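Trainee: Below you will find the structure I want to go over with you.
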Amino acid sequence: KGAAEGTVASVMDYSPTNIASPGVKQGLYYTTTIGPYDYWAIEYGYKPAAGDEKAELAKIASRSAEPGLDYATDEDTRGAADSDPLVNRFDMSKDPLEFVKRQQQIAKELWPKVIERSVDNGQGYQKARQAFGMLFNEYWRSLQFVARFPGGIYMHRDHKGDANGRTPHKLVEPAKQREAMKLIAESAFQFNFDALPPDTFNFLAASRWSHWGLRESRRLYYSPHTTVSLVQDQILFQLLASTTLVRLYDGELKVAPDADAYTMAEHIRLVVESIFTEWREAPKPGNYSNRKSYVNSFRRNLQRSAVKELAAIVQLPFGDTPEDARTLSRFHLSELDKQITTLLTAKDLNLDDYTKSHLLDCQERIQKVLKANLIIQTIN
């Protein structure tokens, strides 16, 4: 079917290499023919019109709601600024969430094998770093598609009177938004290199080759913490961006009062619960060490970033961030402050230095935000 109809709606789409998951039959790696949108565009531009040309063109254009004829521009793919999670560059599915799960599975399957498969005897290990980077980037790039679902709005360009015409805007289904948040919590916020042999990072050699189009490595060694923090922060920014929060807040008014809705309050709560799980759960007694910490290093970095984001919403709300987002963020910071105290004073719990200092530092930051004076500017 793919050979006859193509694997994408148009050859002008940004389509990645189509690689099947392990154990799944491989289909076409790339589309081999033009897609339904291409045929539609060619028909509109070149079909001979017998009689009323304007009416004939309107008839062709009225098919925009048919499967495969949706379209969008580059400007619709900029992340937090744009609302439709189905409009992405280099995704490969009608269901981006399923596509992301597939890409993650492939990346995790190949991570432990990257050195063996990318470097032959007699070669340097620079290729291992390139191959690892490609897998790492694909894992996280696909998760950024998922981060567009919370607060998402499907955009349609149908005209009034089109057959099966749709509204210009439609909120992403609440169940889809919750599914996206669950995937982010499990794959982005709980991320760890568990399946990777620890010495893998010691084989990721940098190249000093400098040429146009190539970025020279700033470090000869590979920094897992730096790279993971960078991509986690990007996803966190998407989830708490003012544009995302405004769409969620306004979305509550765009459905019937008795209909299910994914609210801004639920969204902020899910973000907090997924990032600060170790703080919220009942203390787990035991003796923890700096090699086996209560809160691991990736989670500590993520939690610090989340405290900063919530604090920024409370103190310096950006753009048109709703005031209710500020009060909700303040509420959650207050709850986190209490949860830290519970952990620090728990019996039979000997925290490692990393976790204890992390909690104390976060608590001090939170308390300063909660005690800060709020200056309200008025218009004379």
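Identifiers for the structure tokens are assigned positionally: chains receive A, B, ... in sequence, residues are indexed from 1 per chain, and ligands are indexed from 1 in the order shown.
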Identify, with DSSP run on backbone atoms, the residues in segment 34-268 of chain A assigned to strand (DSSP E or B), and express the list as a PDB file with C-alpha atoms, in the first residue's frame.
Mentor:
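After the write, part.pdb holds the following:
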ATOM      1  CA  ILE A 153      -5.371  22.769  19.782  1.00  0.00           C
ATOM      2  CA  TYR A 154      -5.928  21.046  16.442  1.00  0.00           C
ATOM      3  CA  MET A 155      -5.990  23.583  13.613  1.00  0.00           C
ATOM      4  CA  HIS A 169      -9.988  25.099  16.238  1.00  0.00           C
ATOM      5  CA  LYS A 170     -10.565  21.940  18.260  1.00  0.00           C
ATOM      6  CA  LEU A 171      -9.126  21.210  21.694  1.00  0.00           C
TER       7      LEU A 171
END
Trainee: In segment 164-375 of chain A, what's helix (DSSP H, G or I) per DSSP? Answer as a VMD selection string?
Mentor: chain A and resid 174 to 189 198 to 203 224 to 240 242 to 251 264 to 275 277 to 280 297 to 315 323 to 344 353 to 371
Trainee: Please list as a list of chain:residue names every residue within 10 Å of Phe136 of chain A, counting only C-alpha atoms and excluding residues in the same chain fewer than 2 positions away.
Mentor: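 In the requested format, the answer is A:Gln104, A:Ala107, A:Lys108, A:Trp111, A:Gln130, A:Ala131, A:Phe132, A:Gly133, A:Met134, A:Glu138, A:Tyr139, A:Trp140, A:Arg141, A:Thr227, A:Val228.
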Trainee: So, counting only C-alpha atoms, which residue among A:Arg129, A:Glu56, A:Arg89, A:Phe191 is closest to Ser217 of chain A?
Mentor: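 With only C-alpha atoms as the atom set, the closest residue is A:Arg129.
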Trainee: When you draw a straight line from atom CA of His332 of chain A to atom CA of Asp250 of chain A, how long is it in Å?
Mentor: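 Atom CA of Asp250 of chain A lies 21.4 Å from atom CA of His332 of chain A.
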Trainee: Rank A:Ala325, A:Ile340, A:Ile268, A:Leu97 by their smallest atom-to-atom distance to Arg280 of chain A, using only C-alpha atoms, and report the top residue only.
Mentor: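 The answer is A:Ile340, which sits nearest to Arg280 of chain A.
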Trainee: Of the candidates A:Arg178, A:His225, A:Arg304, A:Lys356, which one gets nearest to Thr341 of chain A if we count only C-alpha atoms?
Mentor: A:Lys356
Trainee: Near segment 293-301 of chain A, within 8 Å and counting only C-alpha atoms, which residues show up once chain neighbours fewer than 5 positions away are dropped, as a PDB file with N, CA, C and O atoms, in the first residue's frame?
Mentor:
ATOM      1  N   PHE A 189      10.913  12.675  32.606  1.00  0.00           N
ATOM      2  CA  PHE A 189      11.205  13.109  33.967  1.00  0.00           C
ATOM      3  C   PHE A 189      11.783  12.010  34.845  1.00  0.00           C
ATOM      4  O   PHE A 189      12.487  12.290  35.815  1.00  0.00           O
ATOM      5  N   GLN A 190      11.497  10.753  34.530  1.00  0.00           N
ATOM      6  CA  GLN A 190      12.081   9.629  35.283  1.00  0.00           C
ATOM      7  C   GLN A 190      13.278   9.034  34.551  1.00  0.00           C
ATOM      8  O   GLN A 190      13.703   7.919  34.854  1.00  0.00           O
ATOM      9  N   PHE A 191      13.837   9.782  33.621  1.00  0.00           N
ATOM     10  CA  PHE A 191      14.896   9.262  32.758  1.00  0.00           C
ATOM     11  C   PHE A 191      16.155   8.898  33.543  1.00  0.00           C
ATOM     12  O   PHE A 191      16.575   9.602  34.453  1.00  0.00           O
ATOM     13  N   ASN A 192      16.736   7.760  33.146  1.00  0.00           N
ATOM     14  CA  ASN A 192      18.020   7.338  33.686  1.00  0.00           C
ATOM     15  C   ASN A 192      18.666   6.406  32.661  1.00  0.00           C
ATOM     16  O   ASN A 192      17.969   5.777  31.873  1.00  0.00           O
ATOM     17  N   HIS A 225      25.063  14.533  32.413  1.00  0.00           N
ATOM     18  CA  HIS A 225      24.205  15.448  33.171  1.00  0.00           C
ATOM     19  C   HIS A 225      23.874  16.704  32.380  1.00  0.00           C
ATOM     20  O   HIS A 225      22.729  17.175  32.383  1.00  0.00           O
ATOM     21  N   VAL A 228      21.355  15.756  29.420  1.00  0.00           N
ATOM     22  CA  VAL A 228      20.011  15.409  29.897  1.00  0.00           C
ATOM     23  C   VAL A 228      19.307  16.640  30.470  1.00  0.00           C
ATOM     24  O   VAL A 228      18.126  16.874  30.188  1.00  0.00           O
ATOM     25  N   SER A 229      20.012  17.442  31.243  1.00  0.00           N
ATOM     26  CA  SER A 229      19.393  18.642  31.822  1.00  0.00           C
ATOM     27  C   SER A 229      18.915  19.598  30.743  1.00  0.00           C
ATOM     28  O   SER A 229      17.841  20.209  30.867  1.00  0.00           O
ATOM     29  N   ILE A 275       7.517  15.419  38.884  1.00  0.00           N
ATOM     30  CA  ILE A 275       8.903  15.852  39.091  1.00  0.00           C
ATOM     31  C   ILE A 275       9.343  15.680  40.541  1.00  0.00           C
ATOM     32  O   ILE A 275      10.502  15.336  40.821  1.00  0.00           O
ATOM     33  N   GLU A 278       9.724  11.980  44.807  1.00  0.00           N
ATOM     34  CA  GLU A 278      10.471  11.572  46.007  1.00  0.00           C
ATOM     35  C   GLU A 278      10.109  12.425  47.224  1.00  0.00           C
ATOM     36  O   GLU A 278      10.217  11.956  48.361  1.00  0.00           O
ATOM     37  N   TYR A 288      21.224   6.006  53.308  1.00  0.00           N
ATOM     38  CA  TYR A 288      21.577   6.342  51.934  1.00  0.00           C
ATOM     39  C   TYR A 288      22.979   6.930  51.884  1.00  0.00           C
ATOM     40  O   TYR A 288      23.446   7.554  52.849  1.00  0.00           O
ATOM     41  N   LEU A 351      19.748  10.488  55.248  1.00  0.00           N
ATOM     42  CA  LEU A 351      19.931  10.951  53.878  1.00  0.00           C
ATOM     43  C   LEU A 351      21.404  11.112  53.536  1.00  0.00           C
ATOM     44  O   LEU A 351      22.235  11.442  54.391  1.00  0.00           O
ATOM     45  N   ASP A 352      21.706  10.909  52.264  1.00  0.00           N
ATOM     46  CA  ASP A 352      23.058  11.164  51.770  1.00  0.00           C
ATOM     47  C   ASP A 352      23.293  12.666  51.672  1.00  0.00           C
ATOM     48  O   ASP A 352      22.355  13.467  51.691  1.00  0.00           O
ATOM     49  N   TYR A 354      24.289  14.502  49.173  1.00  0.00           N
ATOM     50  CA  TYR A 354      23.724  15.111  47.967  1.00  0.00           C
ATOM     51  C   TYR A 354      22.253  15.483  48.180  1.00  0.00           C
ATOM     52  O   TYR A 354      21.827  16.605  47.907  1.00  0.00           O
ATOM     53  N   THR A 355      21.467  14.509  48.637  1.00  0.00           N
ATOM     54  CA  THR A 355      20.028  14.734  48.784  1.00  0.00           C
ATOM     55  C   THR A 355      19.740  15.752  49.881  1.00  0.00           C
ATOM     56  O   THR A 355      18.895  16.650  49.710  1.00  0.00           O
ATOM     57  N   HIS A 358      20.612  19.177  48.745  1.00  0.00           N
ATOM     58  CA  HIS A 358      19.660  19.532  47.682  1.00  0.00           C
ATOM     59  C   HIS A 358      18.340  20.000  48.282  1.00  0.00           C
ATOM     60  O   HIS A 358      17.790  21.033  47.892  1.00  0.00           O
TER      61      HIS A 358
END
Trainee: What is the atom CA of Thr17 of chain A to atom CA of Tyr29 of chain A distance in Å?
Mentor: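 Interatomic distance, atom CA of Thr17 of chain A to atom CA of Tyr29 of chain A: 5.4 Å.
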Trainee: Closest to Ser83 of chain A among A:Pro48, A:Asn164, A:Leu248, A:Phe203, using only C-alpha atoms?
Mentor: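 Smallest separation from Ser83 of chain A among the options: A:Leu248.
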Trainee: Find the spatial neighbours of Asp199 of chain A, counting only C-alpha atoms, within a cut-off of 12 Å - ignore same-chain residues fewer than 5 positions away - and output them as a PyMOL selection string.
Mentor: chain A and resi 112+115+193+204+222
Trainee: With N, CA, C and O atoms kept, could you save the residues just selected as a tab-separated table (two decimals), in the first residue's frame?
Mentor:
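The file below, part-v8.tsv, is the result:
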chain	number	residue	atom	x	y	z
A	112	PRO	N	23.00	0.28	24.26
A	112	PRO	CA	24.07	-0.59	24.79
A	112	PRO	C	24.97	-1.18	23.69
A	112	PRO	O	26.05	-1.68	23.99
A	115	ILE	N	28.72	1.15	20.70
A	115	ILE	CA	30.18	1.08	20.50
A	115	ILE	C	30.53	-0.10	19.60
A	115	ILE	O	31.31	0.02	18.65
A	193	PHE	N	19.98	6.34	32.67
A	193	PHE	CA	20.69	5.46	31.75
A	193	PHE	C	20.83	4.06	32.36
A	193	PHE	O	21.90	3.47	32.36
A	204	LEU	N	33.08	7.54	24.37
A	204	LEU	CA	32.50	8.55	23.47
A	204	LEU	C	33.52	9.66	23.24
A	204	LEU	O	33.46	10.73	23.84
A	222	TYR	N	32.39	13.31	27.45
A	222	TYR	CA	30.93	13.42	27.29
A	222	TYR	C	30.30	13.65	28.65
A	222	TYR	O	30.61	12.97	29.63
Trainee: Using only C-alpha atoms, find the one residue out of A:Ala65, A:Ala3, A:Leu143, A:Leu245 that sits nearest to Leu183 of chain A.
Mentor: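 Counting only C-alpha atoms, the residue closest to Leu183 of chain A is A:Leu143.
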Trainee: Using only C-alpha atoms, which protein or nucleic acid residues come within 12 Å of Thr327 of chain A? Drop anything in the same chain fewer than 3 positions from it, and give the result as an mmCIF file with all heavy atoms, in the first residue's frame.
Mentor:
data_model
loop_
_atom_site.group_PDB
_atom_site.id
_atom_site.type_symbol
_atom_site.label_atom_id
_atom_site.label_comp_id
_atom_site.auth_asym_id
_atom_site.auth_seq_id
_atom_site.Cartn_x
_atom_site.Cartn_y
_atom_site.Cartn_z
ATOM 1 N N MET A 264 -6.021 23.757 33.549
ATOM 2 C CA MET A 264 -4.703 24.270 33.889
ATOM 3 C C MET A 264 -4.287 23.799 35.288
ATOM 4 O O MET A 264 -3.113 23.471 35.523
ATOM 5 C CB MET A 264 -4.690 25.799 33.829
ATOM 6 C CG MET A 264 -3.329 26.424 34.115
ATOM 7 S SD MET A 264 -3.348 28.225 34.006
ATOM 8 C CE MET A 264 -4.329 28.643 35.457
ATOM 9 N N ALA A 265 -5.257 23.745 36.212
ATOM 10 C CA ALA A 265 -4.947 23.294 37.576
ATOM 11 C C ALA A 265 -4.490 21.834 37.576
ATOM 12 O O ALA A 265 -3.513 21.480 38.257
ATOM 13 C CB ALA A 265 -6.174 23.461 38.468
ATOM 14 N N ILE A 268 -0.806 21.685 35.986
ATOM 15 C CA ILE A 268 0.289 22.103 36.870
ATOM 16 C C ILE A 268 0.502 21.060 37.960
ATOM 17 O O ILE A 268 1.644 20.734 38.325
ATOM 18 C CB ILE A 268 0.011 23.488 37.458
ATOM 19 C CG1 ILE A 268 0.016 24.541 36.337
ATOM 20 C CG2 ILE A 268 1.046 23.853 38.524
ATOM 21 C CD1 ILE A 268 -0.326 25.945 36.790
ATOM 22 N N LEU A 310 8.665 27.398 38.628
ATOM 23 C CA LEU A 310 7.508 27.750 39.455
ATOM 24 C C LEU A 310 7.728 29.088 40.146
ATOM 25 O O LEU A 310 6.802 29.908 40.263
ATOM 26 C CB LEU A 310 7.250 26.652 40.486
ATOM 27 C CG LEU A 310 6.792 25.301 39.921
ATOM 28 C CD1 LEU A 310 6.799 24.232 41.007
ATOM 29 C CD2 LEU A 310 5.400 25.413 39.308
ATOM 30 N N ALA A 311 8.955 29.313 40.611
ATOM 31 C CA ALA A 311 9.271 30.588 41.261
ATOM 32 C C ALA A 311 9.128 31.746 40.277
ATOM 33 O O ALA A 311 8.648 32.834 40.640
ATOM 34 C CB ALA A 311 10.683 30.548 41.837
ATOM 35 N N ALA A 312 9.541 31.528 39.035
ATOM 36 C CA ALA A 312 9.431 32.583 38.021
ATOM 37 C C ALA A 312 7.970 32.923 37.749
ATOM 38 O O ALA A 312 7.617 34.102 37.553
ATOM 39 C CB ALA A 312 10.123 32.142 36.737
ATOM 40 N N ILE A 313 7.101 31.913 37.737
ATOM 41 C CA ILE A 313 5.680 32.174 37.522
ATOM 42 C C ILE A 313 5.114 32.992 38.677
ATOM 43 O O ILE A 313 4.280 33.884 38.482
ATOM 44 C CB ILE A 313 4.903 30.850 37.367
ATOM 45 C CG1 ILE A 313 5.344 30.136 36.082
ATOM 46 C CG2 ILE A 313 3.400 31.086 37.347
ATOM 47 C CD1 ILE A 313 4.739 28.751 35.905
ATOM 48 N N VAL A 314 5.578 32.702 39.902
ATOM 49 C CA VAL A 314 5.094 33.435 41.079
ATOM 50 C C VAL A 314 5.612 34.870 41.087
ATOM 51 O O VAL A 314 4.862 35.823 41.330
ATOM 52 C CB VAL A 314 5.516 32.714 42.376
ATOM 53 C CG1 VAL A 314 5.183 33.572 43.602
ATOM 54 C CG2 VAL A 314 4.824 31.361 42.478
ATOM 55 N N GLN A 315 6.885 35.039 40.792
ATOM 56 C CA GLN A 315 7.507 36.352 40.940
ATOM 57 C C GLN A 315 7.494 37.191 39.668
ATOM 58 O O GLN A 315 7.263 38.401 39.721
ATOM 59 C CB GLN A 315 8.960 36.177 41.396
ATOM 60 C CG GLN A 315 9.101 35.590 42.794
ATOM 61 C CD GLN A 315 10.562 35.455 43.189
ATOM 62 O OE1 GLN A 315 11.324 34.736 42.556
ATOM 63 N NE2 GLN A 315 10.950 36.170 44.224
ATOM 64 N N PRO A 317 5.822 36.552 36.312
ATOM 65 C CA PRO A 317 5.042 35.875 35.280
ATOM 66 C C PRO A 317 5.294 36.472 33.908
ATOM 67 O O PRO A 317 5.284 37.688 33.736
ATOM 68 C CB PRO A 317 3.588 36.091 35.732
ATOM 69 C CG PRO A 317 3.639 37.222 36.703
ATOM 70 C CD PRO A 317 4.982 37.185 37.333
ATOM 71 N N THR A 321 0.717 35.187 31.185
ATOM 72 C CA THR A 321 0.498 34.076 32.113
ATOM 73 C C THR A 321 -0.700 34.376 33.014
ATOM 74 O O THR A 321 -0.750 35.434 33.643
ATOM 75 C CB THR A 321 1.741 33.847 32.990
ATOM 76 O OG1 THR A 321 2.869 33.595 32.154
ATOM 77 C CG2 THR A 321 1.536 32.665 33.920
ATOM 78 N N PRO A 322 -1.676 33.476 33.104
ATOM 79 C CA PRO A 322 -2.854 33.742 33.941
ATOM 80 C C PRO A 322 -2.481 33.936 35.412
ATOM 81 O O PRO A 322 -1.573 33.280 35.919
ATOM 82 C CB PRO A 322 -3.707 32.484 33.751
ATOM 83 C CG PRO A 322 -3.240 31.887 32.464
ATOM 84 C CD PRO A 322 -1.778 32.204 32.380
ATOM 85 N N GLU A 323 -3.183 34.807 36.071
ATOM 86 C CA GLU A 323 -2.957 35.017 37.502
ATOM 87 C C GLU A 323 -3.230 33.747 38.293
ATOM 88 O O GLU A 323 -2.579 33.480 39.299
ATOM 89 C CB GLU A 323 -3.845 36.157 38.014
ATOM 90 C CG GLU A 323 -3.268 37.537 37.818
ATOM 91 C CD GLU A 323 -2.038 37.770 38.697
ATOM 92 O OE1 GLU A 323 -2.138 37.649 39.931
ATOM 93 O OE2 GLU A 323 -0.965 38.051 38.130
ATOM 94 N N ASP A 324 -4.188 32.947 37.840
ATOM 95 C CA ASP A 324 -4.456 31.684 38.526
ATOM 96 C C ASP A 324 -3.261 30.735 38.436
ATOM 97 O O ASP A 324 -3.061 29.897 39.316
ATOM 98 C CB ASP A 324 -5.700 31.005 37.935
ATOM 99 C CG ASP A 324 -6.993 31.555 38.531
ATOM 100 O OD1 ASP A 324 -6.940 32.124 39.630
ATOM 101 O OD2 ASP A 324 -8.046 31.410 37.890
ATOM 102 N N ARG A 330 2.265 29.157 43.497
ATOM 103 C CA ARG A 330 2.576 29.520 44.890
ATOM 104 C C ARG A 330 2.074 28.443 45.847
ATOM 105 O O ARG A 330 2.766 28.055 46.793
ATOM 106 C CB ARG A 330 1.951 30.871 45.226
ATOM 107 C CG ARG A 330 2.322 31.386 46.605
ATOM 108 C CD ARG A 330 1.698 32.744 46.898
ATOM 109 N NE ARG A 330 2.153 33.244 48.183
ATOM 110 C CZ ARG A 330 3.268 33.931 48.367
ATOM 111 N NH1 ARG A 330 4.040 34.222 47.330
ATOM 112 N NH2 ARG A 330 3.632 34.344 49.557
ATOM 113 N N PHE A 331 0.865 27.951 45.591
ATOM 114 C CA PHE A 331 0.298 26.893 46.425
ATOM 115 C C PHE A 331 1.189 25.647 46.414
ATOM 116 O O PHE A 331 1.485 25.065 47.463
ATOM 117 C CB PHE A 331 -1.103 26.542 45.929
ATOM 118 C CG PHE A 331 -1.636 25.239 46.455
ATOM 119 C CD1 PHE A 331 -2.068 25.125 47.775
ATOM 120 C CD2 PHE A 331 -1.697 24.116 45.643
ATOM 121 C CE1 PHE A 331 -2.543 23.920 48.270
ATOM 122 C CE2 PHE A 331 -2.176 22.910 46.120
ATOM 123 C CZ PHE A 331 -2.601 22.812 47.437
ATOM 124 N N HIS A 332 1.626 25.235 45.222
ATOM 125 C CA HIS A 332 2.441 24.018 45.128
ATOM 126 C C HIS A 332 3.818 24.217 45.768
ATOM 127 O O HIS A 332 4.354 23.284 46.375
ATOM 128 C CB HIS A 332 2.573 23.601 43.669
ATOM 129 C CG HIS A 332 1.328 22.961 43.122
ATOM 130 N ND1 HIS A 332 0.861 21.752 43.576
ATOM 131 C CD2 HIS A 332 0.443 23.379 42.171
ATOM 132 C CE1 HIS A 332 -0.255 21.430 42.932
ATOM 133 N NE2 HIS A 332 -0.522 22.398 42.073
ATOM 134 N N LEU A 333 4.380 25.404 45.635
ATOM 135 C CA LEU A 333 5.651 25.666 46.309
ATOM 136 C C LEU A 333 5.490 25.565 47.823
ATOM 137 O O LEU A 333 6.367 25.037 48.519
ATOM 138 C CB LEU A 333 6.187 27.046 45.919
ATOM 139 C CG LEU A 333 6.771 27.169 44.511
ATOM 140 C CD1 LEU A 333 7.129 28.629 44.212
ATOM 141 C CD2 LEU A 333 8.004 26.290 44.340
ATOM 142 N N SER A 334 4.384 26.058 48.335
ATOM 143 C CA SER A 334 4.115 25.966 49.774
ATOM 144 C C SER A 334 4.000 24.512 50.221
ATOM 145 O O SER A 334 4.543 24.117 51.264
ATOM 146 C CB SER A 334 2.822 26.726 50.108
ATOM 147 O OG SER A 334 2.533 26.642 51.485
ATOM 148 N N LEU A 370 8.284 32.551 48.712
ATOM 149 C CA LEU A 370 7.026 32.684 49.438
ATOM 150 C C LEU A 370 7.001 33.929 50.320
ATOM 151 O O LEU A 370 5.938 34.518 50.559
ATOM 152 C CB LEU A 370 6.785 31.441 50.295
ATOM 153 C CG LEU A 370 6.606 30.117 49.534
ATOM 154 C CD1 LEU A 370 6.464 28.956 50.508
ATOM 155 C CD2 LEU A 370 5.401 30.180 48.604
#
